[in-house]
2 protein chains.
Amino acid sequence: MGIRAQQKERTRRALLDAAFNQLSAERSISNLSLREVAREAGIAPTSFYRHFKDMEELGLTMVDEGGLTLRQLMRKGRQRAEEGGSVIRASIETFMEFIDSNPNVFRLLLRERSGTSAAFRAAVTREIRHFIDELSDYLQTRACRRPDLAYAQAEALVTLVFASGAEALDLNKKERQALAERLIVQLKMIAKGSEALQRSGREPELENLPK
Amino acid sequence: MGIRAQQKERTRRALLDAAFNQLSAERSISNLSLREVAREAGIAPTSFYRHFKDMEELGLTMVDEGGLTLRQLMRKGRQRAEEGGSVIRASIETFMEFIDSNPNVFRLLLRERSGTSAAFRAAVTREIRHFIDELSDYLQTRACRRPDLAYAQAEALVTLVFASGAEALDLNKKERQALAERLIVQLKMIAKGSEALQRSGREPELENLPK
DNA sequence: TCTCTGGGCGTACATCTGTACGCCATTTTG
DNA sequence: CAAAATGGCGTACAGATGTACGCCCAGAGA
């Protein structure tokens with residue numbers, strides 16, 4: 001890569017890093033200012049346009065990167081889990097660690113999911129659907145769930161875990177512990193309930209089974 | 001009430017109405033401007049301060065009113081339900097009607113729950129906890145759940161219903177239908193799972209029962 | 001080597017924001 | 001009836017924001 005393109009990529013990163021850096025509990029993408037981001041990145045405000053057309057474009061990139069970060073982390077967590085232990089429990093732990101170590105990235109996803117930009121909302125929704133789909137596949141192959149049940153179950157699991165993560169953001173350690181335990185109970189409910197529904201739904205179809 | 005206080009209350013309402021009016025899918029509380037709200041309410045910008053110290057204070061009032069609206073509606077829905085039919089199903093229907101007829105109020109609650117103001121987040125969380133508590137009581141008295149199970153179950157139900165509502169905002173009628181059916185399945189899972197957990201948890205304590 | 005491209009800069013401008021200050025007019029209070 | 005209180009207004013200001021325009025100069029390409 002040319003020396004020119006290299007430098008360009010560098011300042012682009014600087015912009016993204018500056019933007020991520022300015023996120024906090026009190027500051028979301030929509031109240032970032034072009035000028036302030038440029039300032040922290042060490043370039044003139046007008047130079048911003050050499051890299052992004054808009055703050056909206058910057059934001060979309062951030063959402064994508066945030067989603068990617070989370071997805072990669074979960075992939076690792078799943079690997080770690082398959083070396084022994086419950087995949088679901090390992091996933092939750094990984095997810096909670098993510099929230100703990102990247103709270104602002106999680107806040108980003110959380111907020112933009114219901115934010116004022118349809119493009120952002122769609123991007124986050126897409127990201128979450130990835131999770132649901134992967135989990136749904138897992139439930140189909142490992143727990144032998146019917147596709148529709150698997151999807152509904154996966155969606156419920158992800159929804160509850162995500163909501164717990166959101167709530168955890170404002171809690172202290174002790175309260176988080178209680179929250180986590182409640183979450184486990186809720187996931188168990190879903191697991192047991194799904195099992196029950198699967199059984200009750202299967203019998204009428206027995207006569208139609210192949211072989 | 002004095003003629004003076006009456007007029008004051010009127011413009012206060014005008015401010016709140018103007019603010020609610022400016023909410024939309026693309027516009028949240030945090031991008032309302034004092035000047036614009038005052039303009040739509042028909043008063044000078046500086047007169048705003050005669051009613052609210054801040055836009056923050058206006059916002060908090062809006063959150064409270066939004067929560068109240070929802071709570072009142074759900075109360076009505078529950079009454080309607082007790083005249084026959086499943087309370088849970090009726091609650092869901094009422095909730096979905098609320099989202100359908102007051103989408104911006106729902107968006108308000110949804111957004112501020114993860115917004116940038118701790119006070120707003122707390123207010124919405126308080127509002128949601130009302131629901132959970134009421135539902136939890138219902139489950140304890142009507143379905144004889146243990147308190148901890150009842151609370152976990154109620155929380156899960158509310159979380160899922162709320163999440164479905166949020167998702168519904170961006171969907172067309174057909175997609176909403178599929179979403180609603182999935183939601184029913186998920187709520188059934190939780191009901192059955194909770195039942196199972198209650199049974200499995202009760203037996204070891206049988207010998208300690210009074211009487 | 002010479003030319004061209006493009007990242008970065010500074011200046012400049014129009015627009016919007018919140019809000020401090022002081023005045024007026026009417027209601028309320030004494 | 002006089003005095004105080006108060007909702008509302010207009011003016012004014014300082015600061016911030018996005019962005020149009022034009023210049024410069026280092027690297028890319030011929």
# chains A, B, ... in the order shown; residues from 1 in each chain; ligands from 1

call {"tool": "calpha_fit_and_write", "arguments": {"fixed": "chain A", "moving": "chain B", "output": "short mmCIF file (atom, residue, chain, number, x, y, z; two decimals) with C-alpha atoms, in the first residue's frame"}}
result
data_model
loop_
_atom_site.label_atom_id
_atom_site.label_comp_id
_atom_site.auth_asym_id
_atom_site.auth_seq_id
_atom_site.Cartn_x
_atom_site.Cartn_y
_atom_site.Cartn_z
CA MET B 1 -0.06 -0.13 0.02
CA GLY B 2 1.09 3.32 -0.99
CA ILE B 3 2.41 5.73 1.60
CA ARG B 4 -0.48 7.99 0.79
CA ALA B 5 -3.21 5.42 1.43
CA GLN B 6 -1.47 4.36 4.61
CA GLN B 7 -1.58 7.84 6.06
CA LYS B 8 -5.20 8.17 5.02
CA GLU B 9 -6.11 5.00 6.80
CA ARG B 10 -4.32 6.28 9.87
CA THR B 11 -6.30 9.45 10.22
CA ARG B 12 -9.47 7.59 9.44
CA ARG B 13 -8.72 5.38 12.40
CA ALA B 14 -7.89 8.44 14.45
CA LEU B 15 -11.34 9.80 13.69
CA LEU B 16 -13.03 6.56 14.65
CA ASP B 17 -10.98 6.25 17.81
CA ALA B 18 -11.75 9.81 18.78
CA ALA B 19 -15.43 9.20 18.24
CA PHE B 20 -15.45 5.99 20.29
CA ASN B 21 -13.49 7.81 22.93
CA GLN B 22 -16.12 10.46 23.31
CA LEU B 23 -18.90 7.99 23.92
CA SER B 24 -19.95 7.62 27.53
CA ALA B 25 -22.97 7.09 29.71
CA GLU B 26 -23.86 10.75 29.11
CA ARG B 27 -22.87 10.99 25.48
CA SER B 28 -24.27 9.06 22.54
CA ILE B 29 -23.46 9.14 18.85
CA SER B 30 -26.15 11.67 18.16
CA ASN B 31 -24.53 14.25 20.38
CA LEU B 32 -21.09 13.90 18.97
CA SER B 33 -20.06 16.89 16.93
CA LEU B 34 -18.03 16.77 13.77
CA ARG B 35 -15.82 19.57 14.99
CA GLU B 36 -15.12 17.99 18.33
CA VAL B 37 -14.29 14.62 16.84
CA ALA B 38 -11.99 16.23 14.30
CA ARG B 39 -10.32 18.22 17.05
CA GLU B 40 -9.58 15.13 19.12
CA ALA B 41 -8.35 13.33 16.03
CA GLY B 42 -5.95 16.18 15.42
CA ILE B 43 -7.23 17.36 12.07
CA ALA B 44 -9.08 20.42 10.84
CA PRO B 45 -12.87 20.20 10.81
CA THR B 46 -13.06 20.48 7.07
CA SER B 47 -10.66 17.59 6.60
CA PHE B 48 -13.27 15.35 8.13
CA TYR B 49 -15.01 15.22 4.78
CA ARG B 50 -12.02 13.60 3.16
CA HIS B 51 -12.97 10.47 5.12
CA PHE B 52 -16.67 10.50 5.79
CA LYS B 53 -19.48 12.19 3.95
CA ASP B 54 -21.39 12.75 7.17
CA MET B 55 -21.41 12.17 10.89
CA GLU B 56 -24.07 9.65 9.95
CA GLU B 57 -21.57 7.72 7.88
CA LEU B 58 -19.07 7.78 10.73
CA GLY B 59 -21.80 6.52 13.02
CA LEU B 60 -22.71 3.67 10.74
CA THR B 61 -19.09 2.61 10.64
CA MET B 62 -19.00 2.69 14.41
CA VAL B 63 -22.09 0.53 14.67
CA ASP B 64 -20.58 -1.97 12.26
CA GLU B 65 -17.31 -2.05 14.15
CA GLY B 66 -19.08 -2.40 17.47
CA GLY B 67 -21.12 -5.28 16.15
CA LEU B 68 -18.01 -6.90 14.78
CA THR B 69 -16.20 -6.57 18.10
CA LEU B 70 -19.05 -8.25 19.91
CA ARG B 71 -19.38 -11.01 17.33
CA GLN B 72 -15.71 -11.85 17.39
CA LEU B 73 -15.72 -11.97 21.15
CA MET B 74 -18.69 -14.29 21.22
CA ARG B 75 -17.05 -16.54 18.69
CA LYS B 76 -14.04 -16.85 20.95
CA GLY B 77 -16.32 -17.47 23.91
CA ARG B 78 -18.03 -20.27 22.08
CA GLN B 79 -14.72 -21.90 21.27
CA ARG B 80 -13.69 -21.62 24.86
CA ALA B 81 -16.97 -23.26 25.84
CA GLU B 82 -16.76 -26.21 23.51
CA GLU B 83 -13.66 -27.35 25.33
CA GLY B 84 -16.05 -28.32 28.06
CA GLY B 85 -19.07 -26.95 29.83
CA SER B 86 -22.43 -25.53 28.86
CA VAL B 87 -22.33 -23.44 25.73
CA ILE B 88 -25.18 -21.25 26.89
CA ARG B 89 -23.65 -20.51 30.24
CA ALA B 90 -20.33 -19.74 28.60
CA SER B 91 -22.02 -17.43 26.13
CA ILE B 92 -23.67 -15.49 28.90
CA GLU B 93 -20.40 -15.13 30.74
CA THR B 94 -18.64 -13.96 27.62
CA PHE B 95 -21.39 -11.48 26.94
CA MET B 96 -21.25 -10.09 30.44
CA GLU B 97 -17.50 -9.75 30.24
CA PHE B 98 -17.96 -7.83 27.02
CA ILE B 99 -20.34 -5.41 28.70
CA ASP B 100 -17.95 -5.05 31.56
CA SER B 101 -14.91 -4.29 29.48
CA ASN B 102 -16.52 -2.40 26.59
CA PRO B 103 -19.47 -0.67 28.23
CA ASN B 104 -19.49 2.14 25.71
CA VAL B 105 -19.57 -0.14 22.72
CA PHE B 106 -22.47 -1.99 24.28
CA ARG B 107 -24.21 1.29 25.02
CA LEU B 108 -23.69 2.26 21.41
CA LEU B 109 -25.51 -0.81 20.15
CA LEU B 110 -28.15 -0.55 22.81
CA ARG B 111 -28.98 3.05 22.03
CA GLU B 112 -28.86 2.96 18.30
CA ARG B 113 -31.15 -0.03 18.29
CA SER B 114 -33.94 2.37 19.23
CA GLY B 115 -32.32 5.53 17.96
CA THR B 116 -33.49 8.17 15.54
CA SER B 117 -31.74 6.86 12.47
CA ALA B 118 -33.45 4.08 10.57
CA ALA B 119 -30.14 3.02 9.08
CA PHE B 120 -28.57 2.62 12.53
CA ARG B 121 -31.54 0.69 13.83
CA ALA B 122 -31.36 -1.63 10.86
CA ALA B 123 -27.64 -2.15 11.35
CA VAL B 124 -27.99 -3.10 15.00
CA THR B 125 -30.99 -5.30 14.30
CA ARG B 126 -28.97 -7.11 11.65
CA GLU B 127 -26.18 -7.61 14.15
CA ILE B 128 -28.52 -9.07 16.72
CA ARG B 129 -30.15 -11.31 14.19
CA HIS B 130 -26.76 -12.88 13.59
CA PHE B 131 -26.72 -13.98 17.19
CA ILE B 132 -30.22 -15.28 17.07
CA ASP B 133 -29.55 -17.25 13.91
CA GLU B 134 -26.39 -18.82 15.26
CA LEU B 135 -28.06 -19.73 18.51
CA SER B 136 -31.07 -21.04 16.66
CA ASP B 137 -28.87 -23.34 14.55
CA TYR B 138 -27.21 -24.56 17.68
CA LEU B 139 -30.55 -25.38 19.27
CA GLN B 140 -31.72 -27.22 16.18
CA THR B 141 -28.66 -29.40 15.86
CA ARG B 142 -27.77 -29.91 19.50
CA ALA B 143 -31.13 -29.84 21.22
CA CYS B 144 -33.12 -31.16 18.25
CA ARG B 145 -35.63 -28.34 18.30
CA ARG B 146 -38.09 -27.76 15.52
CA PRO B 147 -36.95 -24.75 13.44
CA ASP B 148 -39.78 -22.47 14.51
CA LEU B 149 -39.38 -23.36 18.17
CA ALA B 150 -35.63 -23.00 17.93
CA TYR B 151 -35.92 -19.54 16.49
CA ALA B 152 -38.46 -18.38 19.03
CA GLN B 153 -36.37 -19.78 21.85
CA ALA B 154 -33.15 -18.27 20.53
CA GLU B 155 -34.82 -14.89 20.11
CA ALA B 156 -36.15 -15.01 23.64
CA LEU B 157 -32.76 -15.96 25.05
CA VAL B 158 -30.97 -13.17 23.23
CA THR B 159 -33.62 -10.64 24.17
CA LEU B 160 -33.36 -11.51 27.84
CA VAL B 161 -29.58 -11.53 27.89
CA PHE B 162 -29.42 -8.22 26.08
CA ALA B 163 -31.96 -6.66 28.42
CA SER B 164 -30.05 -7.89 31.43
CA GLY B 165 -26.89 -6.40 30.05
CA ALA B 166 -28.62 -3.09 29.62
CA GLU B 167 -29.92 -3.13 33.14
CA ALA B 168 -26.55 -4.14 34.53
CA LEU B 169 -24.99 -0.93 33.25
CA ASP B 170 -26.49 1.11 36.05
CA LEU B 171 -26.04 -1.43 38.85
CA ASN B 172 -23.33 -2.09 41.37
CA LYS B 173 -21.63 -5.42 41.74
CA LYS B 174 -24.01 -6.86 44.31
CA GLU B 175 -27.09 -5.93 42.34
CA ARG B 176 -25.53 -7.36 39.21
CA GLN B 177 -25.10 -10.64 40.96
CA ALA B 178 -28.80 -10.83 41.81
CA LEU B 179 -29.65 -9.83 38.27
CA ALA B 180 -27.43 -12.56 36.86
CA GLU B 181 -29.05 -15.19 39.03
CA ARG B 182 -32.49 -14.10 37.94
CA LEU B 183 -31.36 -14.24 34.36
CA ILE B 184 -30.24 -17.82 34.81
CA VAL B 185 -33.62 -18.73 36.21
CA GLN B 186 -35.33 -17.07 33.28
CA LEU B 187 -33.18 -18.87 30.76
CA LYS B 188 -33.94 -22.12 32.50
CA MET B 189 -37.65 -21.37 32.24
CA ILE B 190 -37.30 -20.91 28.54
CA ALA B 191 -35.25 -24.06 28.13
CA LYS B 192 -37.74 -26.16 30.05
CA GLY B 193 -40.70 -24.51 28.38
CA SER B 194 -39.26 -25.04 24.94
CA GLU B 195 -38.64 -28.67 25.75
CA ALA B 196 -42.24 -29.07 26.86
CA LEU B 197 -43.57 -27.38 23.75
CA GLN B 198 -41.39 -29.52 21.55
CA ARG B 199 -42.70 -32.70 23.19
CA SER B 200 -46.34 -31.67 23.05
CA GLY B 201 -45.99 -30.64 19.43
CA ARG B 202 -44.18 -33.73 18.25
CA GLU B 203 -46.57 -36.56 19.10
CA PRO B 204 -49.35 -35.68 16.67
CA GLU B 205 -46.82 -35.88 13.87
CA LEU B 206 -45.36 -39.22 14.82
CA GLU B 207 -47.31 -41.13 12.21
CA ASN B 208 -45.84 -38.90 9.50
CA LEU B 209 -42.23 -39.55 10.36
CA PRO B 210 -40.07 -40.94 7.57
CA LYS B 211 -38.63 -44.47 7.68
#

call {"tool": "select_by_dssp", "arguments": {"residues": "region 133-176 of chain A", "states": "alpha helix (DSSP H)", "output": "PyMOL selection string"}}
result
chain A and resi 133-143+147-168+173-176

call {"tool": "write_last_selection", "arguments": {"atoms": "N, CA and C atoms", "output": "tab-separated table (two decimals), in the first residue's frame"}}
result
chain	number	residue	atom	x	y	z
A	133	ASP	N	-29.71	-16.19	14.91
A	133	ASP	CA	-29.60	-17.26	13.93
A	133	ASP	C	-28.60	-18.33	14.36
A	134	GLU	N	-27.46	-17.88	14.83
A	134	GLU	CA	-26.45	-18.86	15.25
A	134	GLU	C	-26.97	-19.71	16.41
A	135	LEU	N	-27.59	-19.03	17.36
A	135	LEU	CA	-28.11	-19.76	18.51
A	135	LEU	C	-29.23	-20.70	18.09
A	136	SER	N	-30.03	-20.24	17.14
A	136	SER	CA	-31.13	-21.07	16.65
A	136	SER	C	-30.60	-22.33	15.98
A	137	ASP	N	-29.57	-22.19	15.18
A	137	ASP	CA	-28.94	-23.35	14.56
A	137	ASP	C	-28.47	-24.32	15.63
A	138	TYR	N	-27.80	-23.75	16.61
A	138	TYR	CA	-27.28	-24.60	17.68
A	138	TYR	C	-28.40	-25.40	18.34
A	139	LEU	N	-29.51	-24.71	18.61
A	139	LEU	CA	-30.62	-25.39	19.28
A	139	LEU	C	-31.24	-26.47	18.40
A	140	GLN	N	-31.24	-26.22	17.11
A	140	GLN	CA	-31.80	-27.22	16.20
A	140	GLN	C	-30.93	-28.47	16.17
A	141	THR	N	-29.62	-28.27	16.02
A	141	THR	CA	-28.75	-29.44	15.86
A	141	THR	C	-28.47	-30.13	17.19
A	142	ARG	N	-28.26	-29.33	18.26
A	142	ARG	CA	-27.87	-29.94	19.51
A	142	ARG	C	-29.05	-30.32	20.39
A	143	ALA	N	-30.09	-29.53	20.36
A	143	ALA	CA	-31.21	-29.84	21.24
A	143	ALA	C	-32.40	-30.37	20.45
A	147	PRO	N	-37.57	-26.08	13.89
A	147	PRO	CA	-37.04	-24.76	13.47
A	147	PRO	C	-37.79	-23.58	14.07
A	148	ASP	N	-39.11	-23.61	14.03
A	148	ASP	CA	-39.86	-22.46	14.54
A	148	ASP	C	-39.66	-22.29	16.05
A	149	LEU	N	-39.70	-23.42	16.76
A	149	LEU	CA	-39.46	-23.35	18.21
A	149	LEU	C	-38.05	-22.87	18.49
A	150	ALA	N	-37.10	-23.40	17.72
A	150	ALA	CA	-35.70	-23.01	17.94
A	150	ALA	C	-35.53	-21.51	17.77
A	151	TYR	N	-36.14	-20.98	16.74
A	151	TYR	CA	-35.98	-19.55	16.50
A	151	TYR	C	-36.62	-18.73	17.63
A	152	ALA	N	-37.83	-19.11	17.98
A	152	ALA	CA	-38.52	-18.38	19.05
A	152	ALA	C	-37.71	-18.45	20.34
A	153	GLN	N	-37.20	-19.63	20.63
A	153	GLN	CA	-36.42	-19.79	21.85
A	153	GLN	C	-35.15	-18.96	21.80
A	154	ALA	N	-34.45	-19.04	20.67
A	154	ALA	CA	-33.20	-18.28	20.53
A	154	ALA	C	-33.46	-16.79	20.68
A	155	GLU	N	-34.51	-16.34	20.05
A	155	GLU	CA	-34.84	-14.92	20.12
A	155	GLU	C	-35.12	-14.51	21.57
A	156	ALA	N	-35.87	-15.32	22.26
A	156	ALA	CA	-36.18	-15.00	23.65
A	156	ALA	C	-34.91	-14.96	24.49
A	157	LEU	N	-34.04	-15.93	24.28
A	157	LEU	CA	-32.79	-15.98	25.05
A	157	LEU	C	-31.98	-14.70	24.81
A	158	VAL	N	-31.80	-14.37	23.55
A	158	VAL	CA	-31.00	-13.19	23.22
A	158	VAL	C	-31.63	-11.92	23.78
A	159	THR	N	-32.93	-11.83	23.64
A	159	THR	CA	-33.63	-10.66	24.17
A	159	THR	C	-33.39	-10.50	25.67
A	160	LEU	N	-33.52	-11.59	26.40
A	160	LEU	CA	-33.36	-11.50	27.85
A	160	LEU	C	-31.92	-11.18	28.24
A	161	VAL	N	-30.99	-11.80	27.55
A	161	VAL	CA	-29.58	-11.54	27.88
A	161	VAL	C	-29.23	-10.09	27.58
A	162	PHE	N	-29.69	-9.62	26.44
A	162	PHE	CA	-29.43	-8.23	26.06
A	162	PHE	C	-30.04	-7.27	27.07
A	163	ALA	N	-31.28	-7.55	27.46
A	163	ALA	CA	-31.95	-6.66	28.40
A	163	ALA	C	-31.24	-6.66	29.75
A	164	SER	N	-30.77	-7.83	30.15
A	164	SER	CA	-30.04	-7.89	31.41
A	164	SER	C	-28.76	-7.08	31.32
A	165	GLY	N	-28.09	-7.19	30.21
A	165	GLY	CA	-26.88	-6.41	30.03
A	165	GLY	C	-27.17	-4.93	30.16
A	166	ALA	N	-28.24	-4.51	29.54
A	166	ALA	CA	-28.60	-3.10	29.59
A	166	ALA	C	-28.85	-2.66	31.02
A	167	GLU	N	-29.57	-3.50	31.73
A	167	GLU	CA	-29.89	-3.12	33.10
A	167	GLU	C	-28.65	-3.12	33.97
A	168	ALA	N	-27.75	-4.01	33.67
A	168	ALA	CA	-26.55	-4.14	34.49
A	168	ALA	C	-25.71	-2.87	34.47
A	173	LYS	N	-21.97	-4.01	41.86
A	173	LYS	CA	-21.59	-5.41	41.72
A	173	LYS	C	-22.60	-6.36	42.37
A	174	LYS	N	-23.04	-5.97	43.55
A	174	LYS	CA	-23.95	-6.83	44.30
A	174	LYS	C	-25.28	-6.99	43.53
A	175	GLU	N	-25.79	-5.87	43.06
A	175	GLU	CA	-27.06	-5.90	42.31
A	175	GLU	C	-26.90	-6.71	41.02
A	176	ARG	N	-25.74	-6.57	40.40
A	176	ARG	CA	-25.51	-7.35	39.18
A	176	ARG	C	-25.58	-8.83	39.45

call {"tool": "closest_atom_pairs", "arguments": {"of": "chain D", "to": "region 9-12 of chain C", "cutoff": "12 Å", "atoms": "only C-alpha atoms (C1' of nucleotides)", "output": "tab-separated table"}}
result
residue	atom	partner	partner_atom	distance
D:DT19	C1'	C:DA12	C1'	10.4
D:DA20	C1'	C:DA12	C1'	9.0
D:DC21	C1'	C:DA12	C1'	9.0
D:DG22	C1'	C:DT11	C1'	9.5
D:DC23	C1'	C:DC9	C1'	8.5
D:DC24	C1'	C:DC9	C1'	8.3
D:DC25	C1'	C:DC9	C1'	11.1

call {"tool": "write_last_selection", "arguments": {"atoms": "N, CA, C and O atoms (P, O5', C5', C4', C3', O3' and C1' of nucleotides)", "output": "mmCIF file, in the first residue's frame"}}
result
data_model
loop_
_atom_site.group_PDB
_atom_site.id
_atom_site.type_symbol
_atom_site.label_atom_id
_atom_site.label_comp_id
_atom_site.auth_asym_id
_atom_site.auth_seq_id
_atom_site.Cartn_x
_atom_site.Cartn_y
_atom_site.Cartn_z
ATOM 1 P P DT D 19 -22.753 19.428 7.083
ATOM 2 O "O5'" DT D 19 -22.023 20.511 6.158
ATOM 3 C "C5'" DT D 19 -22.730 21.669 5.774
ATOM 4 C "C4'" DT D 19 -21.790 22.665 5.154
ATOM 5 C "C3'" DT D 19 -20.745 22.076 4.196
ATOM 6 O "O3'" DT D 19 -20.649 22.909 3.054
ATOM 7 C "C1'" DT D 19 -19.740 23.522 5.668
ATOM 8 P P DA D 20 -21.125 22.319 1.648
ATOM 9 O "O5'" DA D 20 -20.821 23.543 0.652
ATOM 10 C "C5'" DA D 20 -21.470 24.784 0.882
ATOM 11 C "C4'" DA D 20 -20.540 25.923 0.494
ATOM 12 C "C3'" DA D 20 -19.633 25.621 -0.692
ATOM 13 O "O3'" DA D 20 -19.598 26.770 -1.547
ATOM 14 C "C1'" DA D 20 -18.317 26.271 1.164
ATOM 15 P P DC D 21 -18.958 26.700 -3.001
ATOM 16 O "O5'" DC D 21 -17.520 27.350 -2.788
ATOM 17 C "C5'" DC D 21 -17.416 28.590 -2.104
ATOM 18 C "C4'" DC D 21 -15.964 28.948 -1.927
ATOM 19 C "C3'" DC D 21 -15.043 28.445 -3.051
ATOM 20 O "O3'" DC D 21 -14.372 29.552 -3.623
ATOM 21 C "C1'" DC D 21 -14.145 27.935 -0.906
ATOM 22 P P DG D 22 -13.569 29.399 -5.001
ATOM 23 O "O5'" DG D 22 -12.077 29.606 -4.506
ATOM 24 C "C5'" DG D 22 -11.824 30.486 -3.422
ATOM 25 C "C4'" DG D 22 -10.444 30.230 -2.871
ATOM 26 C "C3'" DG D 22 -9.423 29.744 -3.912
ATOM 27 O "O3'" DG D 22 -8.204 30.423 -3.680
ATOM 28 C "C1'" DG D 22 -9.494 28.237 -2.113
ATOM 29 P P DC D 23 -7.000 30.388 -4.752
ATOM 30 O "O5'" DC D 23 -5.794 29.866 -3.850
ATOM 31 C "C5'" DC D 23 -5.482 30.563 -2.637
ATOM 32 C "C4'" DC D 23 -4.675 29.667 -1.739
ATOM 33 C "C3'" DC D 23 -3.448 29.043 -2.418
ATOM 34 O "O3'" DC D 23 -2.276 29.547 -1.791
ATOM 35 C "C1'" DC D 23 -4.692 27.422 -1.145
ATOM 36 P P DC D 24 -0.861 29.236 -2.440
ATOM 37 O "O5'" DC D 24 -0.427 27.938 -1.627
ATOM 38 C "C5'" DC D 24 -0.414 27.978 -0.203
ATOM 39 C "C4'" DC D 24 -0.055 26.594 0.309
ATOM 40 C "C3'" DC D 24 1.159 25.973 -0.380
ATOM 41 O "O3'" DC D 24 2.095 25.585 0.601
ATOM 42 C "C1'" DC D 24 -0.655 24.442 -0.344
ATOM 43 P P DC D 25 3.644 25.471 0.210
ATOM 44 O "O5'" DC D 25 3.919 23.907 0.372
ATOM 45 C "C5'" DC D 25 3.240 23.196 1.406
ATOM 46 C "C4'" DC D 25 3.125 21.725 1.023
ATOM 47 C "C3'" DC D 25 4.312 21.193 0.208
ATOM 48 O "O3'" DC D 25 4.618 19.905 0.689
ATOM 49 C "C1'" DC D 25 2.325 20.710 -0.899
#

call {"tool": "interface_residues", "arguments": {"of": "chain D", "to": "chain B", "cutoff": "10 Å", "atoms": "only C-alpha atoms (C1' of nucleotides)", "output": "MDAnalysis selection string"}}
result
chainID D and resid 6:10

call {"tool": "interface_residues", "arguments": {"of": "chain C", "to": "chain B", "cutoff": "12 Å", "atoms": "only C-alpha atoms (C1' of nucleotides)", "output": "PyMOL selection string"}}
result
chain C and resi 16-21+26-28
